[in-house]
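Undergrad: Take a look at model-v5.txt, compact mmCIF, C-alpha atoms:
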# COMPACT_ATOMS: atom_id res chain seq x y z
CA MET O 162 2.15 -9.16 3.84
CA PRO O 163 0.15 -6.13 2.93
CA PHE O 164 1.90 -2.82 2.70
CA LYS O 165 1.63 -0.06 5.27
CA ILE O 166 2.49 3.62 5.20
CA ILE O 167 4.87 5.03 7.80
CA ALA O 168 2.72 7.95 8.98
CA SER O 169 5.63 10.03 10.27
CA GLN O 170 7.18 10.00 6.77
CA CYS O 171 3.99 10.52 4.74
CA THR O 172 3.86 13.91 3.01
CA SER O 173 0.15 13.51 2.11
CA CYS O 174 0.90 13.94 -1.59
CA SER O 175 -1.85 11.39 -2.47
CA ALA O 176 0.19 9.78 -5.28
CA CYS O 177 -0.25 6.33 -3.75
CA GLU O 178 -4.02 6.63 -3.42
CA LEU O 179 -4.45 7.26 -7.14
CA GLU O 180 -2.26 4.31 -8.16
CA CYS O 181 -3.74 1.60 -5.91
CA PRO O 182 -5.71 -0.89 -8.07
CA ASN O 183 -7.56 -2.19 -5.00
CA VAL O 184 -8.71 1.18 -3.60
CA ALA O 185 -6.95 0.15 -0.38
CA ILE O 186 -5.45 3.57 0.37
CA SER O 187 -7.33 6.42 2.00
CA GLU O 188 -6.58 9.62 3.88
CA LYS O 189 -7.01 9.67 7.65
CA GLY O 190 -5.92 12.44 9.95
CA GLY O 191 -3.77 14.20 7.36
CA THR O 192 -1.81 11.12 6.25
CA PHE O 193 -2.63 8.14 4.11
CA VAL O 194 -3.23 4.61 5.36
CA ILE O 195 -3.52 1.23 3.66
CA ASP O 196 -6.39 -1.11 4.50
CA PRO O 197 -4.61 -4.47 4.97
CA LYS O 198 -7.81 -6.36 4.07
CA LYS O 199 -7.77 -4.79 0.59
CA CYS O 200 -4.01 -4.71 -0.13
CA THR O 201 -2.83 -7.45 -2.49
CA GLU O 202 0.70 -6.06 -2.94
CA CYS O 203 -0.54 -5.33 -6.50
CA ILE O 204 -0.25 -9.04 -7.34
CA GLY O 205 -2.20 -9.71 -10.50
CA TYR O 206 -2.12 -6.05 -11.51
CA PHE O 207 1.52 -4.92 -11.63
CA ASP O 208 5.00 -6.38 -11.29
CA GLY O 209 5.52 -4.49 -8.03
CA PRO O 210 3.61 -2.49 -5.44
CA GLN O 211 2.55 0.80 -6.97
CA CYS O 212 2.35 2.70 -3.67
CA ALA O 213 6.06 2.15 -3.08
CA ALA O 214 6.90 2.88 -6.71
CA VAL O 215 5.21 6.30 -6.79
CA CYS O 216 5.91 7.48 -3.24
CA PRO O 217 8.34 10.43 -3.27
CA VAL O 218 9.73 9.49 0.16
CA GLU O 219 11.84 6.34 0.12
CA ASN O 220 10.82 3.56 2.53
CA THR O 221 7.47 5.12 3.41
CA CYS O 222 5.33 2.39 1.82
CA VAL O 223 6.72 -0.82 3.27
CA LEU O 224 5.66 -4.41 3.90
CA ASP O 225 3.79 -4.87 7.17
CA ALA O 226 5.63 -7.87 8.61
CA SER O 227 3.09 -8.18 11.44
CA LEU O 228 0.41 -9.43 9.00
CA PRO O 229 0.36 -12.58 6.82
CA ARG O 230 1.42 -12.46 3.20
CA TYR O 231 -1.29 -12.00 0.57
CA GLN O 232 -2.31 -15.27 -1.07
CA ALA O 233 -3.65 -14.95 -4.61
CA ARG O 234 -6.80 -16.96 -5.21
CA ALA O 235 -6.48 -19.69 -7.79
Hey, can you dump this file as structure tokens for me?
TA:
Amino acid sequence: MPFKIIASQCTSCSACELECPNVAISEKGGTFVIDPKKCTECIGYFDGPQCAAVCPVENTCVLDASLPRYQARA
């Protein structure tokens, strides 16, 4: 499941955008969004998702349960 950003909680600090190894995060309408086609949950780059790790607002970068889990290519 790729991550998503809860727009109502996003403070637009841009910390997540800078940390994303997949360039999956961009600013739209004053808040940041994650492109689910690019999000790999940081698998292969870090031990955990960097957007959630650096976000100053707890539970703002969360798994998007409506989309399938990322599958690393072998």
Undergrad: Which residues come within 10 Å of Ser187 in chain O, counting all atoms listed in the file, excluding same-chain residues fewer than 5 positions away, as a list in words?
TA: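 The filter keeps Ser175, Cys177, Glu178, Leu179, Cys181, Thr192, Phe193, Val194, Ile195 and Asp196 of chain O.
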Undergrad: Report, in Å with one decimal, the straight-line distance from CA of Pro210 in chain O to CA of Ile166 in chain O.
TA: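 Between CA of Pro210 in chain O and CA of Ile166 in chain O the gap works out to 12.3 Å.
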Undergrad: Would you kindly return, as a PDB file with C-alpha atoms, in the coordinates of the input, each protein, DNA or RNA residue with an atom no farther than 12 Å from any atom of Gln211 in chain O, considering all atoms listed in the file and excluding same-chain residues fewer than 6 positions away?
TA:
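Output (selection36.pdb):
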ATOM      1  CA  PHE O 164       1.900  -2.820   2.700  1.00  0.00           C
ATOM      2  CA  ALA O 176       0.190   9.780  -5.280  1.00  0.00           C
ATOM      3  CA  CYS O 177      -0.250   6.330  -3.750  1.00  0.00           C
ATOM      4  CA  GLU O 178      -4.020   6.630  -3.420  1.00  0.00           C
ATOM      5  CA  LEU O 179      -4.450   7.260  -7.140  1.00  0.00           C
ATOM      6  CA  GLU O 180      -2.260   4.310  -8.160  1.00  0.00           C
ATOM      7  CA  CYS O 181      -3.740   1.600  -5.910  1.00  0.00           C
ATOM      8  CA  PRO O 182      -5.710  -0.890  -8.070  1.00  0.00           C
ATOM      9  CA  ASN O 183      -7.560  -2.190  -5.000  1.00  0.00           C
ATOM     10  CA  VAL O 184      -8.710   1.180  -3.600  1.00  0.00           C
ATOM     11  CA  ALA O 185      -6.950   0.150  -0.380  1.00  0.00           C
ATOM     12  CA  ILE O 186      -5.450   3.570   0.370  1.00  0.00           C
ATOM     13  CA  CYS O 200      -4.010  -4.710  -0.130  1.00  0.00           C
ATOM     14  CA  THR O 201      -2.830  -7.450  -2.490  1.00  0.00           C
ATOM     15  CA  GLU O 202       0.700  -6.060  -2.940  1.00  0.00           C
ATOM     16  CA  CYS O 203      -0.540  -5.330  -6.500  1.00  0.00           C
ATOM     17  CA  ILE O 204      -0.250  -9.040  -7.340  1.00  0.00           C
ATOM     18  CA  PRO O 217       8.340  10.430  -3.270  1.00  0.00           C
ATOM     19  CA  CYS O 222       5.330   2.390   1.820  1.00  0.00           C
ATOM     20  CA  VAL O 223       6.720  -0.820   3.270  1.00  0.00           C
TER      21      VAL O 223
END
Undergrad: State, in Å with one decimal place, the distance from CA of Gly190 in chain O to CA of Glu219 in chain O.
TA: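 Taking CA of Gly190 in chain O and CA of Glu219 in chain O, their separation equals 21.2 Å.
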Undergrad: CA of Gly205 in chain O to CA of Asp225 in chain O: how many Å, to one decimal?
TA: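 Computing the Euclidean distance for CA of Gly205 in chain O and CA of Asp225 in chain O yields 19.3 Å.
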Undergrad: With all atoms listed in the file as the basis for distance, which of O:Ala214, O:Tyr206, O:Pro197, O:Gln170 is at the shortest distance from Ser227 in chain O?
TA: O:Pro197
